[in-house]
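S.K.: Dropping in work.tsv, with TSV, C-alpha atoms.
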chain	number	residue	atom	x	y	z
A	22	MET	CA	10.71	0.28	10.48
A	23	GLU	CA	12.54	-1.21	7.52
A	24	LYS	CA	14.80	-4.19	8.03
A	25	GLY	CA	18.40	-3.16	8.62
A	26	ILE	CA	21.29	-3.32	11.04
A	27	LEU	CA	20.91	-2.21	14.66
A	28	ASN	CA	23.71	-3.26	17.02
A	29	ILE	CA	23.87	-2.14	20.65
A	30	HIS	CA	27.06	-2.75	22.64
A	31	ASP	CA	27.91	-2.11	26.28
A	32	ASN	CA	31.40	-2.53	27.74
A	33	LEU	CA	33.03	-2.30	24.31
A	34	LEU	CA	35.30	0.63	25.20
A	35	GLN	CA	38.10	0.59	27.76
A	36	ASP	CA	37.55	2.85	30.76
A	37	GLU	CA	40.64	4.98	30.04
A	38	PHE	CA	39.55	5.69	26.48
A	39	LEU	CA	36.04	6.63	27.58
A	40	TYR	CA	37.35	8.81	30.41
A	41	ASN	CA	39.63	10.74	28.03
A	42	LEU	CA	36.82	11.07	25.50
A	43	ASP	CA	34.45	12.48	28.11
A	44	LYS	CA	36.96	14.95	29.53
A	45	LYS	CA	38.24	16.20	26.16
A	46	LEU	CA	34.74	16.86	24.88
A	47	GLU	CA	33.21	18.17	28.11
A	48	TYR	CA	35.51	21.18	27.82
A	49	GLY	CA	35.61	21.27	24.05
A	50	GLU	CA	34.95	24.28	21.86
A	51	TRP	CA	31.27	23.70	21.27
A	52	LYS	CA	29.33	25.89	18.86
A	53	TYR	CA	25.61	26.49	18.83
A	54	ASN	CA	25.36	25.53	15.19
A	55	CYS	CA	24.08	21.96	14.97
A	56	THR	CA	20.84	22.30	13.05
A	57	GLY	CA	18.34	20.00	11.47
A	58	GLY	CA	14.89	19.73	10.01
A	59	GLU	CA	13.39	21.74	7.21
A	60	SER	CA	13.62	25.44	6.58
A	61	LYS	CA	11.21	27.23	4.28
A	62	LYS	CA	12.74	30.68	4.41
A	63	PHE	CA	15.76	32.13	2.67
A	64	PRO	CA	18.61	31.63	3.45
A	65	TYR	CA	17.67	28.04	4.05
A	66	ASP	CA	20.50	27.00	6.37
A	67	ASN	CA	20.15	29.88	8.84
A	68	ILE	CA	16.82	29.05	10.49
A	69	ARG	CA	15.91	25.39	10.89
A	70	GLU	CA	13.35	23.44	12.89
A	71	TYR	CA	15.73	22.69	15.75
A	72	LYS	CA	19.19	23.63	16.93
A	73	PHE	CA	21.65	22.42	19.55
A	74	TRP	CA	25.38	22.27	20.26
A	75	GLY	CA	27.92	20.81	17.86
A	76	LEU	CA	31.64	20.06	17.70
A	77	LYS	CA	33.01	18.88	14.35
A	78	LEU	CA	36.15	16.73	14.47
A	79	TRP	CA	36.63	15.61	10.87
A	80	GLU	CA	34.83	15.71	7.53
A	81	GLU	CA	35.60	14.15	4.18
A	82	ASN	CA	35.83	16.77	1.49
A	83	PHE	CA	35.39	15.18	-1.89
A	84	ASN	CA	37.86	17.56	-3.54
A	85	GLY	CA	40.57	15.60	-1.73
A	86	LEU	CA	41.20	17.96	1.19
A	87	PRO	CA	39.29	16.80	4.29
A	88	TYR	CA	38.45	19.15	7.14
A	89	ILE	CA	40.48	18.27	10.25
A	90	ASN	CA	39.91	19.94	13.61
A	91	SER	CA	43.54	20.45	14.63
A	92	LYS	CA	42.68	20.56	18.35
A	93	TYR	CA	41.52	16.93	18.25
A	94	THR	CA	43.91	15.20	15.84
A	95	SER	CA	45.03	12.54	18.34
A	96	LEU	CA	41.41	11.77	19.25
A	97	THR	CA	40.44	11.58	15.58
A	98	ASP	CA	43.31	9.16	14.94
A	99	GLN	CA	41.99	6.94	17.74
A	100	LEU	CA	38.50	7.07	16.28
A	101	PHE	CA	39.76	5.93	12.89
A	102	LYS	CA	41.36	2.95	14.65
A	103	PHE	CA	38.06	2.30	16.42
A	104	ILE	CA	36.22	2.32	13.07
A	105	ASN	CA	38.62	-0.32	11.71
A	106	PHE	CA	38.26	-2.37	14.91
A	107	TYR	CA	34.48	-2.23	14.75
A	108	ASN	CA	34.31	-3.00	11.03
A	109	GLN	CA	36.54	-6.06	11.34
A	110	LYS	CA	34.90	-7.41	14.50
A	111	PHE	CA	31.19	-6.76	13.92
A	112	THR	CA	30.52	-5.82	10.29
A	113	PRO	CA	33.14	-7.61	8.16
A	114	GLU	CA	30.63	-7.90	5.33
A	115	LEU	CA	30.74	-4.11	4.93
A	116	ASN	CA	33.56	-1.98	3.62
A	117	LEU	CA	32.90	1.02	5.84
A	118	LYS	CA	34.37	4.40	5.01
A	119	PRO	CA	33.86	7.41	7.30
A	120	TYR	CA	32.82	10.73	5.83
A	121	PHE	CA	31.88	12.76	8.92
A	122	ILE	CA	32.86	12.66	12.61
A	123	HIS	CA	31.20	15.10	14.98
A	124	CYS	CA	29.70	15.48	18.44
A	125	ASN	CA	26.16	16.43	19.35
A	126	GLY	CA	25.56	18.32	22.59
A	127	GLN	CA	22.06	18.73	24.00
A	128	THR	CA	20.91	20.58	27.09
A	129	ILE	CA	17.42	20.68	28.57
A	130	GLY	CA	14.73	21.43	25.98
A	131	GLN	CA	16.94	20.62	22.97
A	132	ASP	CA	15.29	17.44	21.71
A	133	GLY	CA	16.38	16.32	18.26
A	134	HIS	CA	13.78	15.91	15.53
A	135	CYS	CA	13.27	12.67	13.66
A	136	HIS	CA	15.60	12.32	10.66
A	137	LEU	CA	17.59	9.88	8.53
A	138	ASP	CA	21.38	9.67	8.23
A	139	ILE	CA	21.51	9.26	4.46
A	140	HIS	CA	22.52	11.21	1.39
A	141	ASP	CA	21.32	11.29	-2.20
A	142	ASN	CA	24.03	9.05	-3.67
A	143	SER	CA	22.12	5.81	-4.23
A	144	SER	CA	25.28	3.82	-5.04
A	145	TYR	CA	26.13	3.73	-1.31
A	146	ASN	CA	24.51	2.45	1.86
A	147	TYR	CA	24.79	4.73	4.88
A	148	TYR	CA	25.37	3.82	8.51
A	149	SER	CA	26.06	5.62	11.78
A	150	LEU	CA	28.26	4.59	14.69
A	151	MET	CA	27.35	6.42	17.89
A	152	ILE	CA	29.09	6.56	21.27
A	153	MET	CA	27.29	7.80	24.38
A	154	ILE	CA	30.03	9.76	26.13
A	155	ASN	CA	28.90	11.06	29.54
A	156	LEU	CA	30.59	9.10	32.33
A	157	GLN	CA	27.98	10.25	34.82
A	158	TRP	CA	24.38	9.66	33.83
A	159	ASP	CA	21.28	8.77	35.81
A	160	LYS	CA	18.49	6.92	34.01
A	161	ASP	CA	16.02	9.49	35.38
A	162	TRP	CA	17.77	12.26	33.43
A	163	GLY	CA	16.25	11.20	30.09
A	164	GLY	CA	18.57	11.44	27.09
A	165	GLN	CA	17.35	8.31	25.34
A	166	PHE	CA	17.95	7.46	21.68
A	167	GLU	CA	14.77	6.65	19.79
A	168	ILE	CA	14.08	4.85	16.54
A	169	LEU	CA	10.68	5.69	15.10
A	170	GLU	CA	8.28	4.05	12.69
A	171	ASN	CA	8.61	6.82	10.10
A	172	GLU	CA	10.11	10.29	9.69
A	173	SER	CA	7.33	12.12	11.52
A	174	ASN	CA	8.04	13.30	15.07
A	175	ASP	CA	4.57	12.08	15.99
A	176	SER	CA	5.15	8.54	14.73
A	177	LYS	CA	5.38	5.49	16.97
A	178	VAL	CA	8.66	4.88	18.83
A	179	VAL	CA	9.64	1.32	17.90
A	180	LYS	CA	12.93	1.20	19.83
A	181	ASN	CA	13.82	3.23	22.92
A	182	ILE	CA	17.49	2.92	23.89
A	183	GLY	CA	18.47	4.43	27.21
A	184	TYR	CA	21.51	6.65	27.59
A	185	LYS	CA	24.39	4.78	29.22
A	186	ALA	CA	28.05	5.73	29.58
A	187	GLY	CA	30.12	4.09	26.86
A	188	ARG	CA	27.16	2.55	25.05
A	189	VAL	CA	27.92	2.08	21.35
A	190	ILE	CA	25.14	1.92	18.77
A	191	PHE	CA	25.63	1.00	15.11
A	192	PHE	CA	22.56	1.52	12.96
A	193	ASP	CA	21.36	1.72	9.40
A	194	GLY	CA	21.06	5.31	8.17
A	195	ASN	CA	17.58	4.52	6.82
A	196	TYR	CA	16.21	4.21	10.35
A	197	PRO	CA	14.23	7.32	11.37
A	198	HIS	CA	15.74	8.38	14.68
A	199	ARG	CA	16.29	11.19	17.16
A	200	GLY	CA	18.16	11.95	20.37
A	201	ILE	CA	16.21	13.20	23.38
A	202	ALA	CA	17.66	15.96	25.56
A	203	PRO	CA	18.20	15.64	29.30
A	204	ILE	CA	15.20	16.65	31.41
A	205	ILE	CA	17.29	18.29	34.13
A	206	PRO	CA	19.29	21.56	33.88
A	207	ASN	CA	23.07	21.98	33.86
A	208	VAL	CA	23.75	18.69	32.05
A	209	LEU	CA	25.20	18.39	28.54
A	210	ARG	CA	24.17	15.15	26.83
A	211	LYS	CA	27.13	14.29	24.62
A	212	THR	CA	27.15	11.79	21.77
A	213	LEU	CA	29.87	11.19	19.24
A	214	ILE	CA	28.59	10.33	15.78
A	215	ILE	CA	30.66	8.69	13.06
A	216	LYS	CA	28.82	8.70	9.74
A	217	LEU	CA	29.87	5.95	7.37
A	218	MET	CA	29.16	4.75	3.87
A	219	SER	CA	29.58	1.39	2.21
A	220	SER	CA	29.32	0.28	-1.39
A	221	ASN	CA	28.54	-3.26	-0.26
A	222	ILE	CA	24.84	-4.16	-0.38
A	223	ILE	CA	23.71	-6.80	2.09
Any chance you could put this one into structure tokens?

M.R.:
Amino acid sequence: MEKGILNIHDNLLQDEFLYNLDKKLEYGEWKYNCTGGESKKFPYDNIREYKFWGLKLWEENFNGLPYINSKYTSLTDQLFKFINFYNQKFTPELNLKPYFIHCNGQTIGQDGHCHLDIHDNSSYNYYSLMIMINLQWDKDWGGQFEILENESNDSKVVKNIGYKAGRVIFFDGNYPHRGIAPIIPNVLRKTLIIKLMSSNII
């Protein structure tokens, strides 16, 4: 694992904010369209290595017109305030700019595959800010977040972070990582992911 930033915070979010986040997204308009991994057949984006539930809130569009999910504008506004709060309090050396805010939803059997949260633009560093949303979670349900030694799913797990309500994780996009699905039925593991970029090199 390359040297980088990995911050884990508990009790960073107020109970009311977390409660509203959990309830809004528990009954959100999820789509079975969150895909990842490689595809070797045309059309490339239709069949990928893995697939689970997704709910996109906001996305920077570099033609100047960002995508905004109109059903969640007030929540998105709060998340922008949270980004500023986090940046000022914990990463003041970075000038963080969000480019994608979405939610991952995983049910039993929908393990994520190991991947990086980076893009091809080498003039930026990439980071992710993740919130574990579910208010009710038992440690025996699985759902952990894993950082691996390299991008292979078979590589060594170097950091295993348990799922906990309201846990916030800020990590370098160069870290190979994956989210593990719950191991019991009828549970949706929800995480909110804010993808960020910074032109500051530390």

S.K.: Quote the spacing between atom CA of A:Asp132 and atom CA of A:Ile29 in Å to one decimal place.

M.R.: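 Here the two named atoms are 21.4 Å from each other.
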
S.K.: Name the residues within 7 Å of (24.1, 5.4, 30.5), counting only C-alpha atoms in the file's coordinates, and put them as a VMD selection string.

M.R.: chain A and resid 158 to 160 183 to 186 188

S.K.: Figure out the distance between atom CA of A:Pro203 and atom CA of A:Glu47, please, to one decimal in Å.

M.R.: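 Taking atom CA of A:Glu47 as the start and atom CA of A:Pro203 as the end point, the length is 15.3 Å.
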
S.K.: For the atom pair atom CA of A:Leu39 and atom CA of A:Asn125, what is the interatomic distance in Å to one decimal place?

M.R.: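 Between atom CA of A:Leu39 and atom CA of A:Asn125 the gap works out to 16.2 Å.
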
S.K.: Show me, as a PDB file with C-alpha atoms, in the coordinates of the input, the residues that have an atom within 12 Å of A:Gly49 when counting all atoms listed in the file, minus same-chain residues fewer than 2 positions from it.

M.R.:
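This is the output file around-v2.pdb:
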ATOM      1  CA  ASN A  41      39.630  10.740  28.030  1.00  0.00           C
ATOM      2  CA  LEU A  42      36.820  11.070  25.500  1.00  0.00           C
ATOM      3  CA  ASP A  43      34.450  12.480  28.110  1.00  0.00           C
ATOM      4  CA  LYS A  44      36.960  14.950  29.530  1.00  0.00           C
ATOM      5  CA  LYS A  45      38.240  16.200  26.160  1.00  0.00           C
ATOM      6  CA  LEU A  46      34.740  16.860  24.880  1.00  0.00           C
ATOM      7  CA  GLU A  47      33.210  18.170  28.110  1.00  0.00           C
ATOM      8  CA  TRP A  51      31.270  23.700  21.270  1.00  0.00           C
ATOM      9  CA  LYS A  52      29.330  25.890  18.860  1.00  0.00           C
ATOM     10  CA  TRP A  74      25.380  22.270  20.260  1.00  0.00           C
ATOM     11  CA  GLY A  75      27.920  20.810  17.860  1.00  0.00           C
ATOM     12  CA  LEU A  76      31.640  20.060  17.700  1.00  0.00           C
ATOM     13  CA  LYS A  77      33.010  18.880  14.350  1.00  0.00           C
ATOM     14  CA  LEU A  78      36.150  16.730  14.470  1.00  0.00           C
ATOM     15  CA  ASN A  90      39.910  19.940  13.610  1.00  0.00           C
ATOM     16  CA  LYS A  92      42.680  20.560  18.350  1.00  0.00           C
ATOM     17  CA  TYR A  93      41.520  16.930  18.250  1.00  0.00           C
ATOM     18  CA  HIS A 123      31.200  15.100  14.980  1.00  0.00           C
ATOM     19  CA  CYS A 124      29.700  15.480  18.440  1.00  0.00           C
ATOM     20  CA  ASN A 125      26.160  16.430  19.350  1.00  0.00           C
ATOM     21  CA  GLY A 126      25.560  18.320  22.590  1.00  0.00           C
ATOM     22  CA  LEU A 209      25.200  18.390  28.540  1.00  0.00           C
ATOM     23  CA  LYS A 211      27.130  14.290  24.620  1.00  0.00           C
TER      24      LYS A 211
END

S.K.: Please provide as a list in words all residues within 8 Å of A:Ile26, with the sequence filter that same-chain residues fewer than 6 positions apart are discarded (counting only C-alpha atoms).

M.R.: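 Once the nearby chain positions are removed, what remains is Phe191, Phe192 and Asp193 of chain A.
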
S.K.: Let me make sure I understand: among A:Leu137, A:Val179, A:Tyr196, A:Ile205, which one has the smallest atom-to-atom distance to A:Trp162 if we use only C-alpha atoms?

M.R.: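 Nearest to A:Trp162: A:Ile205.
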
S.K.: With distances taken over only C-alpha atoms, which of A:Phe111, A:Phe166, A:Tyr120, A:Phe106 is nearest to A:Ile89?

M.R.: A:Tyr120

S.K.: Name the residues in contact with A:Gln127 at a cut-off of 6 Å, using all atoms listed in the file, excluding same-chain residues fewer than 3 positions from it; report them as a list in words.

M.R.: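 Surrounding residues, per the criterion: Phe73, Gln131, Ala202, Leu209 and Arg210 of chain A.
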
S.K.: Out of A:Tyr88, A:Tyr53, A:Tyr48, A:Tyr147, which residue has the shortest atom-to-atom distance to A:Ser220 when counting only C-alpha atoms?

M.R.: A:Tyr147

S.K.: Can you tell me which residues surround A:Lys180 at a distance of at most 10 Å, considering only C-alpha atoms, apart from same-chain residues fewer than 5 positions away, and format the answer as a VMD selection string?

M.R.: chain A and resid 22 166 to 170 198

S.K.: Selected residues, C-alpha atoms, written as a PDB file, in the frame of the given file, please.

M.R.:
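Wrote it out as result_22.pdb, contents follow:
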ATOM      1  CA  MET A  22      10.710   0.280  10.480  1.00  0.00           C
ATOM      2  CA  PHE A 166      17.950   7.460  21.680  1.00  0.00           C
ATOM      3  CA  GLU A 167      14.770   6.650  19.790  1.00  0.00           C
ATOM      4  CA  ILE A 168      14.080   4.850  16.540  1.00  0.00           C
ATOM      5  CA  LEU A 169      10.680   5.690  15.100  1.00  0.00           C
ATOM      6  CA  GLU A 170       8.280   4.050  12.690  1.00  0.00           C
ATOM      7  CA  HIS A 198      15.740   8.380  14.680  1.00  0.00           C
TER       8      HIS A 198
END

S.K.: Just want the 12 Å neighbourhood of stretch 98-105 of chain A, counted on only C-alpha atoms, with same-chain residues fewer than 4 positions away dropped. Output as a PyMOL selection string.

M.R.: chain A and resi 33-35+38-39+41-42+78-79+89-94+109-113+115-123+148-152+189+191+213-218

S.K.: Between A:Ser144, A:Asn207, A:Asn32, A:Asn174, which one has atoms that come closest to A:Ile129, using all atoms listed in the file?

M.R.: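 For A:Ile129, the nearest of the given residues is A:Asn207.
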
S.K.: Using only C-alpha atoms, can you tell me which of A:Asn28, A:Thr212, A:Ser219, A:Ser173 comes closest to A:His136?

M.R.: A:Ser173

S.K.: Quick one: of A:His30, A:Arg199, A:His140, A:Lys72, who's nearest to A:Glu172, counting only C-alpha atoms?

M.R.: A:Arg199
